[in-house]
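Structure below is my_file.cif: mmCIF, C-alpha atoms and all ligand atoms.
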data_final
#
loop_
_atom_site.label_atom_id
_atom_site.label_comp_id
_atom_site.auth_asym_id
_atom_site.auth_seq_id
_atom_site.Cartn_x
_atom_site.Cartn_y
_atom_site.Cartn_z
CA MET A 239 9.91 29.86 16.68
CA ASP A 240 6.59 31.48 15.85
CA ASN A 241 3.58 29.27 15.58
CA GLU A 242 3.43 29.08 11.80
CA ASN A 243 7.05 27.98 11.55
CA LYS A 244 6.41 25.47 14.27
CA CYS A 245 3.58 23.93 12.23
CA ALA A 246 5.79 23.64 9.16
CA TYR A 247 8.65 22.22 11.23
CA LEU A 248 6.50 19.58 12.90
CA LEU A 249 4.77 18.60 9.63
CA ASP A 250 7.76 16.50 8.57
CA TYR A 251 7.43 14.34 11.67
CA LEU A 252 3.70 13.71 11.71
CA SER A 253 3.78 10.56 9.58
CA ASP A 254 6.31 8.97 11.95
CA TYR A 255 4.28 10.29 14.85
CA VAL A 256 1.09 8.50 13.82
CA ASP A 257 3.15 5.32 13.29
CA GLY A 258 4.45 5.58 16.84
CA SER A 259 8.02 5.47 15.56
CA LEU A 260 9.05 8.97 16.58
CA ASN A 261 11.42 9.65 19.46
CA GLU A 262 9.96 10.69 22.78
CA SER A 263 11.01 14.31 22.85
CA LEU A 264 9.50 15.07 19.43
CA CYS A 265 6.34 13.20 20.38
CA GLU A 266 5.98 15.39 23.43
CA GLU A 267 6.61 18.48 21.35
CA ILE A 268 3.86 17.49 18.93
CA GLU A 269 1.45 16.63 21.72
CA ARG A 270 2.04 19.99 23.39
CA HIS A 271 1.61 21.77 20.09
CA ILE A 272 -1.67 20.16 19.01
CA VAL A 273 -3.32 21.14 22.28
CA GLU A 274 -2.91 24.77 21.25
CA CYS A 275 -2.98 24.49 17.46
CA GLU A 276 -6.35 23.50 16.02
CA ASP A 277 -5.00 23.18 12.47
CA CYS A 278 -2.32 20.69 13.41
CA ARG A 279 -4.74 18.81 15.64
CA ILE A 280 -7.10 18.41 12.68
CA PHE A 281 -4.20 17.48 10.43
CA VAL A 282 -3.09 14.68 12.75
CA ASP A 283 -6.63 13.38 13.21
CA THR A 284 -7.43 13.36 9.49
CA LEU A 285 -4.06 11.78 8.67
CA LYS A 286 -4.77 8.97 11.13
CA LYS A 287 -8.27 8.58 9.73
CA THR A 288 -6.95 8.44 6.16
CA ILE A 289 -4.67 5.54 7.01
CA TYR A 290 -7.42 3.85 9.01
CA LEU A 291 -9.88 4.07 6.10
CA TYR A 292 -7.47 2.39 3.70
CA HIS A 293 -6.74 -0.34 6.24
CA THR A 294 -10.42 -0.95 6.74
CA LYS A 295 -11.27 -0.87 3.06
CA GLU A 296 -8.59 -3.33 2.01
CA LYS A 297 -9.07 -5.72 4.88
CA GLY A 298 -9.69 -9.15 3.42
CA SER A 299 -9.34 -7.94 -0.16
CA ALA A 300 -6.27 -10.01 -0.94
CA THR A 301 -8.00 -12.56 -3.09
CA VAL A 302 -7.33 -13.88 -6.55
CA PRO A 303 -10.42 -14.28 -8.73
CA ASN A 304 -11.05 -17.94 -9.48
CA ASP A 305 -10.37 -17.74 -13.22
CA VAL A 306 -7.10 -15.86 -12.60
CA ARG A 307 -6.10 -18.48 -10.06
CA LYS A 308 -6.87 -21.30 -12.49
CA ARG A 309 -4.72 -19.74 -15.22
CA LEU A 310 -1.90 -19.16 -12.73
CA TYR A 311 -1.93 -22.80 -11.66
CA LYS A 312 -1.97 -23.90 -15.28
CA ARG A 313 1.00 -21.68 -16.13
CA LEU A 314 2.91 -23.04 -13.14
CA LYS A 315 1.91 -26.63 -14.01
CA LEU A 316 0.18 -27.05 -10.67
CA GLU A 317 -3.25 -28.10 -11.99
CA GLU A 318 -3.22 -31.21 -9.81
CA PHE A 319 -3.41 -28.92 -6.74
CA LEU A 320 -6.26 -26.78 -7.97
CA ASN A 321 -9.00 -28.69 -6.19
CA ASP A 322 -7.43 -28.33 -2.78
CA SER A 323 -9.03 -24.95 -2.24
CA SER A 324 -11.28 -24.14 -5.14
CA GLU A 325 -13.07 -21.56 -3.01
CA SER A 326 -10.58 -18.87 -4.02
CA LYS A 327 -8.60 -18.76 -0.83
CA GLY A 328 -6.10 -16.18 -1.95
CA ASN A 329 -6.66 -14.55 1.40
CA MET A 330 -3.94 -15.02 3.92
CA MET B 199 -5.71 -6.30 10.09
CA THR B 200 -3.96 -9.52 10.97
CA ASP B 201 -5.75 -11.42 8.22
CA ASP B 202 -4.20 -9.15 5.65
CA LYS B 203 -0.74 -8.77 7.04
CA VAL B 204 2.05 -10.40 5.17
CA SER B 205 2.62 -13.29 7.47
CA GLU B 206 6.04 -14.54 8.30
CA ASN B 207 5.19 -17.98 7.01
CA THR B 208 7.91 -20.54 7.13
CA PHE B 209 8.57 -22.58 4.07
CA ASP B 210 10.83 -25.51 3.50
CA ILE B 211 13.43 -23.88 1.26
CA GLU B 212 15.13 -27.18 0.55
CA ALA B 213 11.85 -28.67 -0.64
CA LEU B 214 11.26 -25.63 -2.83
CA ARG B 215 14.73 -25.96 -4.33
CA ALA B 216 14.14 -29.63 -4.93
CA GLY B 217 11.05 -28.68 -6.91
CA GLU B 218 8.45 -30.17 -4.58
CA LYS B 219 5.17 -29.03 -6.04
CA GLY B 220 3.21 -29.31 -2.83
CA GLU B 221 5.47 -26.88 -1.03
CA PHE B 222 5.51 -24.52 -3.99
CA THR B 223 1.72 -24.58 -4.03
CA ARG B 224 1.71 -23.55 -0.38
CA LEU B 225 3.91 -20.61 -1.30
CA VAL B 226 1.63 -19.63 -4.19
CA GLU B 227 -1.44 -19.87 -1.96
CA ALA B 228 0.18 -17.74 0.72
CA TYR B 229 1.27 -14.86 -1.51
CA SER B 230 -0.79 -14.81 -4.68
CA GLY B 231 -3.69 -12.88 -3.17
CA SER B 232 -1.67 -9.98 -1.87
CA ILE B 233 0.63 -9.87 -4.89
CA TYR B 234 -2.35 -9.72 -7.22
CA ARG B 235 -3.86 -6.89 -5.17
CA LEU B 236 -0.58 -4.97 -5.15
CA ALA B 237 -0.20 -5.36 -8.92
CA LEU B 238 -3.79 -4.34 -9.50
CA LYS B 239 -3.38 -1.18 -7.46
CA MET B 240 -0.07 -0.34 -9.09
CA LEU B 241 -1.13 -1.00 -12.68
CA GLN B 242 -4.88 -0.38 -12.53
CA ASP B 243 -5.50 -3.09 -15.09
CA SER B 244 -6.55 -6.66 -14.35
CA GLN B 245 -4.78 -8.17 -17.36
CA ASP B 246 -1.51 -6.45 -16.42
CA ALA B 247 -1.96 -7.53 -12.81
CA GLU B 248 -2.43 -11.11 -13.93
CA ASP B 249 0.75 -10.91 -16.02
CA VAL B 250 2.69 -9.63 -13.03
CA LEU B 251 1.27 -12.39 -10.86
CA GLN B 252 2.27 -15.12 -13.31
CA GLU B 253 5.71 -13.71 -14.12
CA THR B 254 6.46 -13.31 -10.44
CA PHE B 255 5.89 -16.96 -9.63
CA ILE B 256 7.66 -18.14 -12.79
CA LYS B 257 10.68 -16.13 -11.63
CA VAL B 258 10.34 -17.46 -8.09
CA LEU B 259 10.38 -20.97 -9.52
CA ASN B 260 13.43 -20.28 -11.67
CA LYS B 261 15.39 -18.34 -9.10
CA ILE B 262 14.65 -20.21 -5.92
CA SER B 263 18.11 -21.79 -6.10
CA THR B 264 19.64 -18.33 -5.75
CA PHE B 265 17.58 -17.50 -2.68
CA ARG B 266 20.10 -17.48 0.14
CA GLY B 267 17.71 -17.18 3.00
CA ALA B 268 19.47 -14.05 4.20
CA SER B 269 16.31 -12.06 3.77
CA ASN B 270 12.83 -13.20 4.55
CA ILE B 271 11.21 -15.11 1.72
CA SER B 272 8.25 -12.71 1.64
CA THR B 273 10.47 -9.68 1.02
CA TRP B 274 12.32 -11.66 -1.63
CA ILE B 275 9.10 -12.54 -3.46
CA TYR B 276 7.79 -8.99 -3.20
CA ARG B 277 11.03 -7.70 -4.58
CA ILE B 278 10.51 -9.83 -7.65
CA ALA B 279 6.85 -8.76 -7.88
CA THR B 280 7.52 -5.02 -7.56
CA ASN B 281 10.28 -5.25 -10.17
CA GLU B 282 7.87 -6.99 -12.52
CA ALA B 283 5.23 -4.34 -11.92
CA LEU B 284 7.63 -1.44 -12.42
CA MET B 285 9.03 -3.03 -15.57
CA LEU B 286 5.56 -3.39 -17.00
CA LEU B 287 4.75 0.21 -16.14
CA ARG B 288 7.85 1.37 -17.97
CA ARG B 289 6.93 -0.74 -20.97
CA ARG B 290 3.40 0.64 -20.99
CA LYS B 291 4.68 4.19 -20.62
CA LEU B 292 1.58 5.07 -18.67
CA PRO B 293 1.17 8.65 -17.54
CA ILE B 294 2.50 9.09 -14.04
CA TYR B 295 -0.55 10.89 -12.83
CA SER B 296 -4.23 10.21 -13.10
CA ALA B 297 -5.77 11.71 -16.21
CA ASP B 298 -8.50 13.16 -14.04
CA GLU B 299 -7.44 16.71 -13.28
CA SER B 300 -9.32 16.95 -10.02
CA PHE B 301 -6.86 14.44 -8.57
CA GLN B 302 -3.72 16.28 -9.52
CA ILE B 303 -1.66 17.94 -6.88
CA GLN B 304 1.20 20.35 -7.41
CA ASP B 305 4.47 18.52 -7.01
CA ASN B 306 6.41 20.97 -4.91
CA ASP B 307 3.57 22.05 -2.71
CA GLU B 308 3.53 20.02 0.46
CA GLN B 309 1.69 22.54 2.58
CA PRO B 310 -1.64 21.28 3.83
CA LYS B 311 -4.51 23.29 2.42
CA GLU B 312 -7.57 21.35 3.43
CA LEU B 313 -8.19 21.50 7.14
CA GLU B 314 -11.77 20.38 7.48
CA ASP B 315 -12.30 18.15 10.47
CA TRP B 316 -14.17 15.35 8.75
CA CYS B 317 -13.20 12.66 11.23
CA CYS B 318 -16.61 12.88 12.90
CA LEU B 319 -18.46 11.82 9.75
CA PRO B 320 -20.46 8.65 10.36
CA GLU B 321 -18.94 5.38 9.16
CA LYS B 322 -21.64 4.96 6.53
CA GLU B 323 -20.60 8.23 4.89
CA LEU B 324 -16.92 7.41 5.16
CA MET B 325 -17.26 3.94 3.75
CA ASN B 326 -20.16 3.88 1.31
CA SER B 327 -19.53 2.62 -2.20
CA GLU B 328 -18.97 6.10 -3.61
CA SER B 329 -16.39 6.85 -0.91
CA ARG B 330 -14.64 3.55 -1.54
CA ALA B 331 -14.38 4.34 -5.23
CA TYR B 332 -12.94 7.74 -4.33
CA LEU B 333 -10.32 6.08 -2.11
CA ASP B 334 -9.26 3.96 -5.08
CA GLU B 335 -9.14 6.94 -7.42
CA SER B 336 -6.98 8.81 -4.94
CA ILE B 337 -4.33 6.08 -4.92
CA LYS B 338 -4.09 6.48 -8.70
CA ALA B 339 -3.21 10.13 -8.15
CA LEU B 340 0.03 9.20 -6.43
CA PRO B 341 3.15 9.03 -8.57
CA TYR B 342 4.52 5.48 -8.72
CA SER B 343 7.40 6.07 -6.35
CA LEU B 344 5.01 7.18 -3.61
CA ARG B 345 2.27 4.75 -4.54
CA ILE B 346 4.41 1.62 -4.21
CA VAL B 347 5.68 2.68 -0.78
CA PHE B 348 2.16 3.47 0.44
CA LEU B 349 0.88 0.11 -0.81
CA LEU B 350 3.69 -1.89 0.78
CA ARG B 351 3.58 -0.07 4.12
CA ASP B 352 -0.07 0.81 4.65
CA ILE B 353 -1.91 -1.82 2.62
CA GLU B 354 0.38 -4.86 2.72
CA GLY B 355 1.65 -4.10 6.20
CA PHE B 356 5.39 -4.37 5.63
CA SER B 357 7.70 -2.62 8.07
CA THR B 358 9.90 0.30 7.06
CA ARG B 359 12.92 -2.00 7.04
CA GLN B 360 11.20 -4.64 4.92
CA THR B 361 9.93 -2.03 2.46
CA ALA B 362 13.44 -0.62 2.14
CA GLU B 363 14.71 -4.11 1.40
CA ILE B 364 12.02 -4.83 -1.18
CA LEU B 365 12.58 -1.59 -3.07
CA ASP B 366 16.32 -1.43 -2.49
CA ILE B 367 16.16 2.09 -1.07
CA THR B 368 17.11 3.48 2.34
CA GLU B 369 14.75 3.43 5.31
CA THR B 370 14.87 7.23 5.31
CA ALA B 371 13.65 7.24 1.72
CA VAL B 372 10.81 4.90 2.66
CA LYS B 373 9.74 7.22 5.48
CA THR B 374 9.93 10.33 3.32
CA ARG B 375 7.94 8.81 0.48
CA LEU B 376 5.38 7.31 2.83
CA SER B 377 4.91 10.66 4.51
CA ARG B 378 4.42 12.44 1.19
CA GLY B 379 2.05 9.78 -0.10
CA ARG B 380 -0.07 9.79 3.03
CA MET B 381 -0.22 13.57 3.06
CA ARG B 382 -1.39 13.72 -0.53
CA LEU B 383 -4.05 11.16 0.18
CA ARG B 384 -5.13 13.06 3.27
CA GLU B 385 -5.41 16.18 1.16
CA LEU B 386 -7.55 14.45 -1.47
CA LEU B 387 -9.77 12.78 1.11
CA SER B 388 -10.22 16.12 2.87
CA VAL B 389 -11.51 17.73 -0.33
CA TYR B 390 -14.00 14.92 -0.74
CA TYR B 391 -15.16 14.42 2.84
CA GLY B 392 -15.15 18.16 3.43
CA LYS B 393 -17.90 18.38 0.83
CA GLN B 394 -19.82 15.54 2.49
CA LEU B 395 -19.53 17.41 5.76
CA LYS B 396 -21.09 20.54 4.27
CA LYS B 397 -23.94 18.50 2.82
CA LEU B 398 -24.76 17.20 6.28
CA ASP B 399 -24.86 20.68 7.84
ZN ZN C 401 0.30 23.90 14.23
#

Translate the structure described by the file into structure tokens.
Amino acid sequence: MDNENKCAYLLDYLSDYVDGSLNESLCEEIERHIVECEDCRIFVDTLKKTIYLYHTKEKGSATVPNDVRKRLYKRLKLEEFLNDSSESKGNM
Amino acid sequence: MTDDKVSENTFDIEALRAGEKGEFTRLVEAYSGSIYRLALKMLQDSQDAEDVLQETFIKVLNKISTFRGASNISTWIYRIATNEALMLLRRRKLPIYSADESFQIQDNDEQPKELEDWCCLPEKELMNSESRAYLDESIKALPYSLRIVFLLRDIEGFSTRQTAEILDITETAVKTRLSRGRMRLRELLSVYYGKQLKKLD
């Protein structure tokens, strides 16, 4: 396989590779390849970074605004429990 | 990101079935934050997201008697929530892609084009408010089928198996869609950060 075909062939596995869910032999193949192939090395690094940035950005963002939370509790007839955590603790 | 991960909370299913409000409140507290975020990112509208949030828990309340406990309660709730969100999207008939042309990517072109190495950019460039807004815009550029998988796997932290269960698709389909979604996002981020990189030179 020439190098360009190799890049295209490995591309399909890179998402699994960065998840650590790829089988050993393909992992080794990718690791050998990215030592020699700058493009694929950059691709893997920027793919990892992309996922990392979204993780970082959304960390702790799972909150319900207070007014939304109030209306939700009202709709569910749970008003009596609203005071338990009025500080918008939608975060898990 | 442990604080964000969908925790495998245990709930007293019998108490929920019996209509115990205290236990139901615990359930609402545990999941409302992440379901609201998911709906917001899917629908891009806070009123729609609120509707999804409310309808989800109304359905949970009404259907809890049919919950068999075979699947995890979190995947069961998310299944209801994603169905609500997708139903609302269909009703709204929103365009599948962002209206902003700069975010559109050719459908059948999966070849990476942008190969700037922007990883070395300092954290303050990568994560300033403009960059954060760009990250949000980029998610909008994903078609729904890729967007929902990306959100469940990479934002909400569900496993491939759980995501497959929530969306009622195969694990292979989850992996394929996640890969395509991530690659499109990588492409969009590379356009953006590539420019930042040149500015710094
Ligand atoms: Zn290569």

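With only C-alpha atoms and all ligand atoms as the atoms that count, the set of residues no farther than 9 Å from ligand ZN 401 (chain C) is Asn241, Glu242, Asn243, Lys244, Cys245, Ala246, Leu248, Leu249, Ile268, His271, Ile272, Glu274, Cys275, Glu276, Asp277, Cys278, Arg279 and Phe281 of chain A.
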
For this session: With a distance threshold of 6 Å and counting all atoms listed in the file, extract the residues of chain B near chain A and express them as a list of chain:residue names.
Result: B:Asp201, B:Asp202, B:Glu227, B:Ala228, B:Gly231, B:Ser232, B:Arg235, B:Gln252, B:Asp315, B:Ser377, B:Arg384

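Atom pair atom CA of B:Glu335 / atom CA of B:Leu387 has a distance of 10.4 Å (rounded to one decimal).
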
For this session: Kindly give the distance, in Å, that separates atom CA of B:Ala371 and atom CA of B:Leu287, rounded to a single decimal.
Result: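 According to the coordinates, atom CA of B:Ala371 and atom CA of B:Leu287 are separated by 21.2 Å.
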
For this session: Can you work out the spacing between atom CA of B:Asp399 and atom CA of B:Ala339 in Å, to one decimal?
Result: 28.9 Å

Exercise. Out of B:Ser244, B:Thr280, B:Thr254, B:Thr208, which residue has the shortest atom-to-atom distance to B:Gly267 when counting all atoms listed in the file?
Worked result: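 Closest to B:Gly267, using all atoms listed in the file: B:Thr208.
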
Would you mind putting N, CA, C and O atoms back on stretch 254-271 of chain A and writing the result as a CSV table (one decimal), in the coordinates of the input?
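Output file selection_22.csv is given in full below:
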chain,number,residue,atom,x,y,z
A,254,ASP,N,5.7,9.8,11.0
A,254,ASP,CA,6.3,9.0,12.0
A,254,ASP,C,5.6,9.0,13.3
A,254,ASP,O,5.5,8.0,14.0
A,255,TYR,N,5.0,10.2,13.6
A,255,TYR,CA,4.3,10.3,14.8
A,255,TYR,C,3.1,9.4,14.9
A,255,TYR,O,2.9,8.6,15.9
A,256,VAL,N,2.3,9.4,13.8
A,256,VAL,CA,1.1,8.5,13.8
A,256,VAL,C,1.5,7.0,13.8
A,256,VAL,O,0.7,6.2,14.2
A,257,ASP,N,2.7,6.7,13.3
A,257,ASP,CA,3.2,5.3,13.3
A,257,ASP,C,3.7,4.9,14.7
A,257,ASP,O,3.9,3.7,14.9
A,258,GLY,N,3.9,5.9,15.5
A,258,GLY,CA,4.4,5.6,16.8
A,258,GLY,C,5.9,5.3,16.8
A,258,GLY,O,6.5,4.6,17.6
A,259,SER,N,6.6,5.8,15.7
A,259,SER,CA,8.0,5.5,15.6
A,259,SER,C,8.9,6.7,15.8
A,259,SER,O,10.1,6.7,15.4
A,260,LEU,N,8.3,7.7,16.4
A,260,LEU,CA,9.0,9.0,16.6
A,260,LEU,C,9.6,9.0,18.0
A,260,LEU,O,9.1,8.4,18.9
A,261,ASN,N,10.8,9.6,18.1
A,261,ASN,CA,11.4,9.6,19.5
A,261,ASN,C,10.6,10.5,20.4
A,261,ASN,O,9.8,11.3,20.1
A,262,GLU,N,10.8,10.2,21.7
A,262,GLU,CA,10.0,10.7,22.8
A,262,GLU,C,9.9,12.2,22.8
A,262,GLU,O,8.8,12.8,23.0
A,263,SER,N,11.0,12.9,22.7
A,263,SER,CA,11.0,14.3,22.8
A,263,SER,C,10.2,15.0,21.7
A,263,SER,O,9.5,16.0,22.0
A,264,LEU,N,10.3,14.5,20.5
A,264,LEU,CA,9.5,15.1,19.4
A,264,LEU,C,8.0,14.8,19.6
A,264,LEU,O,7.2,15.6,19.3
A,265,CYS,N,7.7,13.6,20.1
A,265,CYS,CA,6.3,13.2,20.4
A,265,CYS,C,5.7,14.2,21.4
A,265,CYS,O,4.6,14.7,21.1
A,266,GLU,N,6.5,14.5,22.4
A,266,GLU,CA,6.0,15.4,23.4
A,266,GLU,C,5.8,16.8,22.8
A,266,GLU,O,4.8,17.5,23.2
A,267,GLU,N,6.7,17.2,22.0
A,267,GLU,CA,6.6,18.5,21.4
A,267,GLU,C,5.3,18.6,20.5
A,267,GLU,O,4.6,19.6,20.5
A,268,ILE,N,5.1,17.5,19.8
A,268,ILE,CA,3.9,17.5,18.9
A,268,ILE,C,2.6,17.5,19.8
A,268,ILE,O,1.7,18.3,19.5
A,269,GLU,N,2.6,16.7,20.9
A,269,GLU,CA,1.4,16.6,21.7
A,269,GLU,C,1.2,18.0,22.4
A,269,GLU,O,0.0,18.4,22.5
A,270,ARG,N,2.2,18.7,22.8
A,270,ARG,CA,2.0,20.0,23.4
A,270,ARG,C,1.5,21.0,22.4
A,270,ARG,O,0.6,21.7,22.6
A,271,HIS,N,2.0,20.8,21.1
A,271,HIS,CA,1.6,21.8,20.1
A,271,HIS,C,0.1,21.6,19.7
A,271,HIS,O,-0.6,22.6,19.5
